[in-house]
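Colleague: Dumping the structure here so I can ask a few things about it.
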Amino acid sequence: MLRTNRSTVGGFFLAGRSMVWWPMGASLFASNIGSGHFVGLAGTGAASGIATAVFEWNALFLLLVLGWVFVPIYIKAGVMTMPEYLKKRFGGKRLQIYLSVLSLFICVALRISSDIFSGAIFIKLALGLDLYLAIIILLAITALYTITGGLASVIYTDTLQTIIMLIGSFILMGFAFSEVGGFDSFREKYMNAIPSIVEGDNLTISAKCYTPQPDSFHIFRDAVTGDIPWPGMIFGMTIVAAWYWCTDQVIVQRCLSGKDMSHVKAACIMCGYLKLLPMFLMVMPGMISRILYTDKVACVVPSECVKYCGVEIGCTNYAYPTMVLELMPDGLRGLMLSVMLASLMSSLTSIFNSASTLFTIDIYTKIRKKASEKELLIAGRLFIVVLIILSIVWVPLIQVAQNGQLFHYIESISSYLGPPIAAVFLLAIFCKRVNEQGAFWGLIIGLVIGLIRMIAEFAFGTGSCIAPSNCPKIICGVHYLYFAIILFFISVLVVLGISLMTKPIPDVHLYRLCWALRNSTEERIDLDAEEKREEEANDDDVEDSRGCFKKAYDLFCGLQRRGPKLTKEEEEVLKKKLTDTSEKPLWRTVVNINALLLLTVAIFVHGYFA
């Protein structure tokens, strides 16, 4: 950590573009898989079978798109954050600020709070601690090493935690399958896992509320009545995944820190193979939990559910934590709990680091135009503290909005907020005719439509099998994956329509920012050229008169003095290194062959479980 160049913005936020493929691939996987996945995937698996694993498998295709299409453009553009790319591509400040604020909102509403909520379930079951005390201790440790370390420390801890997570969940999977007597017995027993109490509370409960679905072992489900309909799975899920994997700060920032393009592509392939595992490590153990603890996990009478987990809607979120505590022997139980906390902390550190990058580079530099490097690093670290306070305040909201299954909550919110962003980024890269006015109004109109649906669902509730929601059919009647498709196409039409009615951006501003001009060698005149941040030269010229305590503090926070200021030539060389996308022919061929192998594997697993 002391060697990782934390005292420059590029070093703290992008690990100095020196990362090799394997820690990067592990970090991509670890910053995606948090305790929300262990709780959410296993819970939805217990409730409705294997189809929820497709949310994970869908990423295999999008990771290849990320490594082969999006990252080369981002690197050639020389950007650190996604809003910064939009600003270079379209000019103006509106888009950059809009996207930064929205991304920070998504961080709190979706990522941090769902991870904290699922981590809290584990702590609550295991230690009997008060929920909030546990959360505060957890966040304090996490914040400490994000604030002091920067991205390189986040990537190295991610790698270690991925290894612990995989070993622990493999062991639990082994225990789970041996407990139910193998795969064939598991299929048969799951279909008969019906709770013993199915009447009570003066309710007439339909059999379909507590009987496992007939299509539990198929991933392609009915287009109208399925809980994850197949057209929504193929198209809607891909749109949401394109937003998450190709334009999300947390994910892209990992790839931008790669040593060269071959390392970035290899990291995407490695992460793709790891994404095959959640079906076997999370979804199936969740289904086994329903077999072993049917009355608790599959409870259907509200008073029974309250008795088991304090929630009327159902206790499927408790499928995985219950199994960890009941099935594992003592020493391994400790390992698994540390795995859960490790996965929670790795997700949170990734999010905190990326959110502070967004805030510092996209919002803070607008408020303080001449902020020095040192001031930016301090602002980024203070912002992490603010995020933590906000997240703790959000937790009660998620406890109330326990829409039965955490994973459907995560995916539905993503479907309401992600598609307009996916539309704008895709068009920004593939259609050079698109301009700032089109992109801005496409995002705004998409956001308004998405928020109408999201707020309606919060207001009326999403209902459960026993008590359907009374939200108007015209707003909530469409499955969220279909809603994502509709929202995406509305956004595309608005962006294209308004762009065609207004002036195009001249090519001189677009060299190496879109696909058609990606290999151009001409000099680009950035649309934001006139407002490039002035480096505060005098910050480096002050004589070093700090006391011992101040030097120690600066070292701890990565604010130590750097060497002499770079000359013009050295700056050019550094810039060239940061925007270089060349590859050695041998390694290019190796990663391309591996990408084809990964695609073949992805198509095979979809076909096998269809």
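Each chain in the structure tokens gets a letter, A, B, ..., in the order shown, and its residues are numbered from 1; ligands are numbered from 1 in order too.
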Can you list every residue in segment 330-527 of chain A that DSSP puts in alpha helix (DSSP H), as JSON, numbers by chain?

Modeller: {"A": [330, 331, 332, 333, 334, 335, 336, 337, 338, 339, 340, 341, 342, 343, 344, 345, 346, 347, 348, 349, 350, 351, 352, 353, 354, 355, 356, 357, 358, 365, 366, 367, 373, 374, 375, 376, 377, 378, 379, 380, 381, 382, 383, 384, 385, 386, 387, 388, 389, 390, 391, 392, 393, 394, 395, 396, 397, 398, 399, 400, 406, 407, 408, 409, 410, 411, 412, 413, 414, 415, 416, 417, 419, 420, 421, 422, 423, 424, 425, 426, 427, 428, 429, 430, 436, 437, 438, 439, 440, 441, 442, 443, 444, 445, 446, 447, 448, 449, 450, 451, 452, 453, 454, 455, 456, 457, 458, 459, 460, 473, 474, 475, 476, 480, 481, 482, 483, 484, 485, 486, 487, 488, 489, 490, 491, 492, 493, 494, 495, 496, 497, 498, 499, 500, 501]}

Colleague: Find the spatial neighbours of Tyr320 of chain A, counting only C-alpha atoms, within a cut-off of 6 Å - ignore same-chain residues fewer than 2 positions away - and output them as a list in words.

Modeller: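 Close residues of Tyr320 of chain A: Val39, Ala42, Gly286, Tyr318, Thr322 and Met323 of chain A.
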
Colleague: How many Å separate atom CA of Gly181 of chain A from atom CA of Leu276 of chain A?

Modeller: 23.3 Å

Colleague: Using only C-alpha atoms, determine which residues lie at most 10 Å from Phe70 of chain A, disregarding the query and same-chain residues fewer than 4 positions distant; provide the list as a list of chain:residue names.

Modeller: A:Leu63, A:Leu64, A:Val65, A:Leu66, A:Tyr74, A:Ile75, A:Trp245, A:Cys246, A:Thr247, A:Val252, A:Phe425, A:Leu426, A:Ile429, A:Cys514, A:Trp515

Colleague: Those same residues, written as an mmCIF file, in the first residue's frame with N, CA, C and O atoms?

Modeller:
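Everything below was put into out_9.cif:
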```
data_model
loop_
_atom_site.group_PDB
_atom_site.id
_atom_site.type_symbol
_atom_site.label_atom_id
_atom_site.label_comp_id
_atom_site.auth_asym_id
_atom_site.auth_seq_id
_atom_site.Cartn_x
_atom_site.Cartn_y
_atom_site.Cartn_z
ATOM 1 N N LEU A 63 -19.501 -8.589 -20.396
ATOM 2 C CA LEU A 63 -18.095 -8.393 -20.023
ATOM 3 C C LEU A 63 -17.201 -8.352 -21.262
ATOM 4 O O LEU A 63 -16.235 -7.597 -21.326
ATOM 5 N N LEU A 64 -17.545 -9.176 -22.264
ATOM 6 C CA LEU A 64 -16.758 -9.172 -23.503
ATOM 7 C C LEU A 64 -16.968 -7.859 -24.255
ATOM 8 O O LEU A 64 -16.031 -7.279 -24.800
ATOM 9 N N VAL A 65 -18.219 -7.370 -24.256
ATOM 10 C CA VAL A 65 -18.496 -6.076 -24.897
ATOM 11 C C VAL A 65 -17.706 -4.976 -24.187
ATOM 12 O O VAL A 65 -17.123 -4.087 -24.823
ATOM 13 N N LEU A 66 -17.655 -5.061 -22.858
ATOM 14 C CA LEU A 66 -16.900 -4.070 -22.070
ATOM 15 C C LEU A 66 -15.425 -4.055 -22.479
ATOM 16 O O LEU A 66 -14.865 -3.007 -22.800
ATOM 17 N N TYR A 74 -12.828 4.416 -23.830
ATOM 18 C CA TYR A 74 -12.612 5.204 -22.608
ATOM 19 C C TYR A 74 -11.118 5.522 -22.433
ATOM 20 O O TYR A 74 -10.758 6.623 -22.029
ATOM 21 N N ILE A 75 -10.266 4.530 -22.717
ATOM 22 C CA ILE A 75 -8.820 4.756 -22.518
ATOM 23 C C ILE A 75 -8.304 5.775 -23.534
ATOM 24 O O ILE A 75 -7.556 6.688 -23.195
ATOM 25 N N TRP A 245 -22.542 -3.137 -16.496
ATOM 26 C CA TRP A 245 -21.181 -3.608 -16.777
ATOM 27 C C TRP A 245 -20.370 -2.646 -17.637
ATOM 28 O O TRP A 245 -19.149 -2.632 -17.564
ATOM 29 N N CYS A 246 -21.023 -1.868 -18.510
ATOM 30 C CA CYS A 246 -20.245 -1.079 -19.482
ATOM 31 C C CYS A 246 -20.189 0.410 -19.170
ATOM 32 O O CYS A 246 -19.362 1.126 -19.733
ATOM 33 N N THR A 247 -21.080 0.910 -18.290
ATOM 34 C CA THR A 247 -21.052 2.353 -18.042
ATOM 35 C C THR A 247 -21.002 2.679 -16.554
ATOM 36 O O THR A 247 -21.093 3.827 -16.176
ATOM 37 N N VAL A 252 -16.087 -0.015 -14.452
ATOM 38 C CA VAL A 252 -15.175 0.501 -15.466
ATOM 39 C C VAL A 252 -13.860 0.968 -14.838
ATOM 40 O O VAL A 252 -12.790 0.791 -15.407
ATOM 41 N N PHE A 425 -25.003 6.139 -23.595
ATOM 42 C CA PHE A 425 -23.619 5.692 -23.812
ATOM 43 C C PHE A 425 -23.473 4.917 -25.122
ATOM 44 O O PHE A 425 -22.504 5.108 -25.863
ATOM 45 N N LEU A 426 -24.440 4.038 -25.409
ATOM 46 C CA LEU A 426 -24.368 3.284 -26.666
ATOM 47 C C LEU A 426 -24.389 4.229 -27.868
ATOM 48 O O LEU A 426 -23.598 4.095 -28.795
ATOM 49 N N ILE A 429 -21.172 6.300 -28.349
ATOM 50 C CA ILE A 429 -20.037 5.586 -28.944
ATOM 51 C C ILE A 429 -20.302 5.221 -30.413
ATOM 52 O O ILE A 429 -19.440 5.363 -31.267
ATOM 53 N N CYS A 514 -15.508 8.255 -30.420
ATOM 54 C CA CYS A 514 -16.586 7.361 -30.852
ATOM 55 C C CYS A 514 -16.013 6.296 -31.793
ATOM 56 O O CYS A 514 -14.889 6.427 -32.292
ATOM 57 N N TRP A 515 -16.779 5.257 -32.043
ATOM 58 C CA TRP A 515 -16.285 4.061 -32.727
ATOM 59 C C TRP A 515 -15.755 4.375 -34.129
ATOM 60 O O TRP A 515 -14.708 3.886 -34.544
#
```

Colleague: Report as a Markdown table: every residue of segment 378-459 of chain A with an atom at most 7 Å from segment 103-118 of chain A, its closest pair of atoms, and their distance in Å to one decimal, counting only C-alpha atoms, with rows sorted by chain and ascending residue number.

Modeller:
```
| residue | atom | partner | partner_atom | distance |
| --- | --- | --- | --- | --- |
| A:Ser391 | CA | A:Val108 | CA | 5.9 |
| A:Trp394 | CA | A:Ser113 | CA | 6.4 |
| A:Val395 | CA | A:Ser113 | CA | 5.8 |
| A:Ile410 | CA | A:Leu110 | CA | 6.3 |
```

Colleague: How about saving the chosen residues, all heavy atoms kept, as a short mmCIF file (atom, residue, chain, number, x, y, z; two decimals), in the first residue's frame?

Modeller:
```
data_model
loop_
_atom_site.label_atom_id
_atom_site.label_comp_id
_atom_site.auth_asym_id
_atom_site.auth_seq_id
_atom_site.Cartn_x
_atom_site.Cartn_y
_atom_site.Cartn_z
N SER A 391 -25.96 6.34 4.28
CA SER A 391 -26.31 4.92 4.14
C SER A 391 -26.97 4.39 5.40
O SER A 391 -27.91 3.61 5.33
CB SER A 391 -25.06 4.09 3.87
OG SER A 391 -24.28 4.73 2.91
N TRP A 394 -30.47 5.33 5.46
CA TRP A 394 -31.32 4.66 4.46
C TRP A 394 -31.76 3.26 4.90
O TRP A 394 -32.77 2.76 4.45
CB TRP A 394 -30.54 4.57 3.14
CG TRP A 394 -31.41 4.24 1.97
CD1 TRP A 394 -31.80 2.99 1.55
CD2 TRP A 394 -32.04 5.16 1.04
NE1 TRP A 394 -32.59 3.08 0.43
CE2 TRP A 394 -32.75 4.38 0.10
CE3 TRP A 394 -32.04 6.55 0.92
CZ2 TRP A 394 -33.47 4.97 -0.95
CZ3 TRP A 394 -32.75 7.11 -0.12
CH2 TRP A 394 -33.47 6.34 -1.04
N VAL A 395 -31.00 2.64 5.82
CA VAL A 395 -31.30 1.25 6.20
C VAL A 395 -32.75 1.00 6.63
O VAL A 395 -33.38 0.06 6.18
CB VAL A 395 -30.30 0.73 7.26
CG1 VAL A 395 -30.72 -0.61 7.81
CG2 VAL A 395 -28.91 0.62 6.64
N ILE A 410 -33.37 -5.20 -6.10
CA ILE A 410 -32.17 -4.66 -6.74
C ILE A 410 -32.39 -4.54 -8.26
O ILE A 410 -32.13 -3.51 -8.87
CB ILE A 410 -30.95 -5.57 -6.46
CG1 ILE A 410 -30.61 -5.57 -4.96
CG2 ILE A 410 -29.74 -5.14 -7.28
CD1 ILE A 410 -29.56 -6.60 -4.55
#
```

Colleague: From the list A:Leu417, A:Ile363, A:Ala47, A:Ile269, which residue is nearest Val300 of chain A when using only C-alpha atoms?

Modeller: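 When distances to Val300 of chain A are compared using only C-alpha atoms, the smallest one comes from A:Ala47.
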
Colleague: Write out as a ChimeraX atom specification the residues lying within 12 Å of Cys431 of chain A, counting only C-alpha atoms and excluding same-chain residues fewer than 4 positions away.

Modeller: /A:89,423-427,435,438-439,492,495-496,499-500,504-505,510,513-517

Colleague: Those same residues - N, CA and C atoms - I'd like them written as a PDB file, in the first residue's frame.

Modeller:
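The resulting file, out32.pdb, is reproduced below:
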```
ATOM      1  N   ARG A  89     -17.219  13.989 -24.733  1.00  0.00           N
ATOM      2  CA  ARG A  89     -17.932  13.591 -25.958  1.00  0.00           C
ATOM      3  C   ARG A  89     -18.958  14.649 -26.385  1.00  0.00           C
ATOM      4  N   ALA A 423     -28.703   3.774 -23.009  1.00  0.00           N
ATOM      5  CA  ALA A 423     -29.040   4.289 -24.343  1.00  0.00           C
ATOM      6  C   ALA A 423     -28.079   5.407 -24.737  1.00  0.00           C
ATOM      7  N   VAL A 424     -27.822   6.338 -23.808  1.00  0.00           N
ATOM      8  CA  VAL A 424     -26.974   7.489 -24.133  1.00  0.00           C
ATOM      9  C   VAL A 424     -25.529   7.049 -24.398  1.00  0.00           C
ATOM     10  N   PHE A 425     -25.003   6.139 -23.595  1.00  0.00           N
ATOM     11  CA  PHE A 425     -23.619   5.692 -23.812  1.00  0.00           C
ATOM     12  C   PHE A 425     -23.473   4.917 -25.122  1.00  0.00           C
ATOM     13  N   LEU A 426     -24.440   4.038 -25.409  1.00  0.00           N
ATOM     14  CA  LEU A 426     -24.368   3.284 -26.666  1.00  0.00           C
ATOM     15  C   LEU A 426     -24.389   4.229 -27.868  1.00  0.00           C
ATOM     16  N   LEU A 427     -25.298   5.202 -27.829  1.00  0.00           N
ATOM     17  CA  LEU A 427     -25.394   6.144 -28.949  1.00  0.00           C
ATOM     18  C   LEU A 427     -24.160   7.050 -29.005  1.00  0.00           C
ATOM     19  N   ASN A 435     -25.820  14.616 -30.298  1.00  0.00           N
ATOM     20  CA  ASN A 435     -25.194  15.789 -29.663  1.00  0.00           C
ATOM     21  C   ASN A 435     -25.686  15.984 -28.228  1.00  0.00           C
ATOM     22  N   GLY A 438     -29.586  16.322 -27.444  1.00  0.00           N
ATOM     23  CA  GLY A 438     -30.282  15.035 -27.542  1.00  0.00           C
ATOM     24  C   GLY A 438     -30.005  14.164 -26.328  1.00  0.00           C
ATOM     25  N   ALA A 439     -28.709  14.057 -25.970  1.00  0.00           N
ATOM     26  CA  ALA A 439     -28.326  13.194 -24.846  1.00  0.00           C
ATOM     27  C   ALA A 439     -28.968  13.687 -23.549  1.00  0.00           C
ATOM     28  N   VAL A 492     -33.840   6.174 -26.566  1.00  0.00           N
ATOM     29  CA  VAL A 492     -33.129   6.190 -27.851  1.00  0.00           C
ATOM     30  C   VAL A 492     -33.837   7.124 -28.831  1.00  0.00           C
ATOM     31  N   VAL A 495     -33.318  10.810 -27.806  1.00  0.00           N
ATOM     32  CA  VAL A 495     -31.932  11.241 -28.075  1.00  0.00           C
ATOM     33  C   VAL A 495     -31.738  11.478 -29.573  1.00  0.00           C
ATOM     34  N   LEU A 496     -32.144  10.514 -30.401  1.00  0.00           N
ATOM     35  CA  LEU A 496     -31.944  10.647 -31.852  1.00  0.00           C
ATOM     36  C   LEU A 496     -32.790  11.770 -32.427  1.00  0.00           C
ATOM     37  N   SER A 499     -31.389  15.176 -31.407  1.00  0.00           N
ATOM     38  CA  SER A 499     -30.069  15.379 -32.031  1.00  0.00           C
ATOM     39  C   SER A 499     -30.213  15.740 -33.512  1.00  0.00           C
ATOM     40  N   LEU A 500     -31.138  15.070 -34.197  1.00  0.00           N
ATOM     41  CA  LEU A 500     -31.306  15.321 -35.644  1.00  0.00           C
ATOM     42  C   LEU A 500     -31.909  16.698 -35.909  1.00  0.00           C
ATOM     43  N   PRO A 504     -25.067  19.255 -35.465  1.00  0.00           N
ATOM     44  CA  PRO A 504     -24.143  18.167 -35.118  1.00  0.00           C
ATOM     45  C   PRO A 504     -22.841  18.713 -34.513  1.00  0.00           C
ATOM     46  N   ILE A 505     -22.079  17.832 -33.857  1.00  0.00           N
ATOM     47  CA  ILE A 505     -20.783  18.230 -33.294  1.00  0.00           C
ATOM     48  C   ILE A 505     -19.722  17.984 -34.384  1.00  0.00           C
ATOM     49  N   LEU A 510     -14.365  15.076 -31.978  1.00  0.00           N
ATOM     50  CA  LEU A 510     -14.787  13.696 -31.695  1.00  0.00           C
ATOM     51  C   LEU A 510     -13.698  12.648 -31.941  1.00  0.00           C
ATOM     52  N   LEU A 513     -13.199   9.491 -29.693  1.00  0.00           N
ATOM     53  CA  LEU A 513     -14.267   9.470 -28.673  1.00  0.00           C
ATOM     54  C   LEU A 513     -15.446   8.602 -29.115  1.00  0.00           C
ATOM     55  N   CYS A 514     -15.508   8.255 -30.420  1.00  0.00           N
ATOM     56  CA  CYS A 514     -16.586   7.361 -30.852  1.00  0.00           C
ATOM     57  C   CYS A 514     -16.013   6.296 -31.793  1.00  0.00           C
ATOM     58  N   TRP A 515     -16.779   5.257 -32.043  1.00  0.00           N
ATOM     59  CA  TRP A 515     -16.285   4.061 -32.727  1.00  0.00           C
ATOM     60  C   TRP A 515     -15.755   4.375 -34.129  1.00  0.00           C
ATOM     61  N   ALA A 516     -16.480   5.201 -34.879  1.00  0.00           N
ATOM     62  CA  ALA A 516     -16.092   5.481 -36.270  1.00  0.00           C
ATOM     63  C   ALA A 516     -14.735   6.186 -36.344  1.00  0.00           C
ATOM     64  N   LEU A 517     -14.406   6.993 -35.317  1.00  0.00           N
ATOM     65  CA  LEU A 517     -13.155   7.772 -35.358  1.00  0.00           C
ATOM     66  C   LEU A 517     -12.144   7.267 -34.333  1.00  0.00           C
TER      67      LEU A 517
END
```

Colleague: Show me, as a short mmCIF file (atom, residue, chain, number, x, y, z; two decimals) with N, CA, C and O atoms, in the first residue's frame, the residues that have an atom within 7 Å of segment 380-388 of chain A when counting only C-alpha atoms, minus same-chain residues fewer than 5 positions from it.

Modeller:
```cif
data_model
loop_
_atom_site.label_atom_id
_atom_site.label_comp_id
_atom_site.auth_asym_id
_atom_site.auth_seq_id
_atom_site.Cartn_x
_atom_site.Cartn_y
_atom_site.Cartn_z
N LEU A 139 -19.11 -0.45 9.00
CA LEU A 139 -18.82 0.68 8.11
C LEU A 139 -17.55 1.41 8.54
O LEU A 139 -16.79 1.88 7.71
N ILE A 147 -10.40 5.06 2.96
CA ILE A 147 -9.96 6.46 3.05
C ILE A 147 -8.44 6.54 3.02
O ILE A 147 -7.87 7.43 2.44
N PHE A 352 -17.39 2.92 -2.18
CA PHE A 352 -16.90 4.16 -1.55
C PHE A 352 -15.81 4.80 -2.39
O PHE A 352 -15.80 6.00 -2.61
N SER A 356 -16.31 8.39 -4.24
CA SER A 356 -15.51 9.57 -3.89
C SER A 356 -14.77 10.10 -5.13
O SER A 356 -14.58 11.29 -5.27
N THR A 357 -14.42 9.18 -6.07
CA THR A 357 -13.83 9.63 -7.34
C THR A 357 -14.82 10.51 -8.10
O THR A 357 -14.48 11.59 -8.58
N PHE A 359 -17.42 12.15 -6.97
CA PHE A 359 -17.69 13.42 -6.31
C PHE A 359 -16.53 14.39 -6.52
O PHE A 359 -16.71 15.54 -6.89
N THR A 360 -15.30 13.90 -6.31
CA THR A 360 -14.13 14.77 -6.37
C THR A 360 -13.92 15.34 -7.77
O THR A 360 -13.76 16.53 -7.96
#
```

Colleague: Could you pull the residues within 7 Å of segment 201-206 of chain A, counting only C-alpha atoms, minus those fewer than 3 positions along the same chain, as a list in words?

Modeller: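 Near segment 201-206 of chain A, the qualifying residues are Cys209, Ser303 and Ile466 of chain A.
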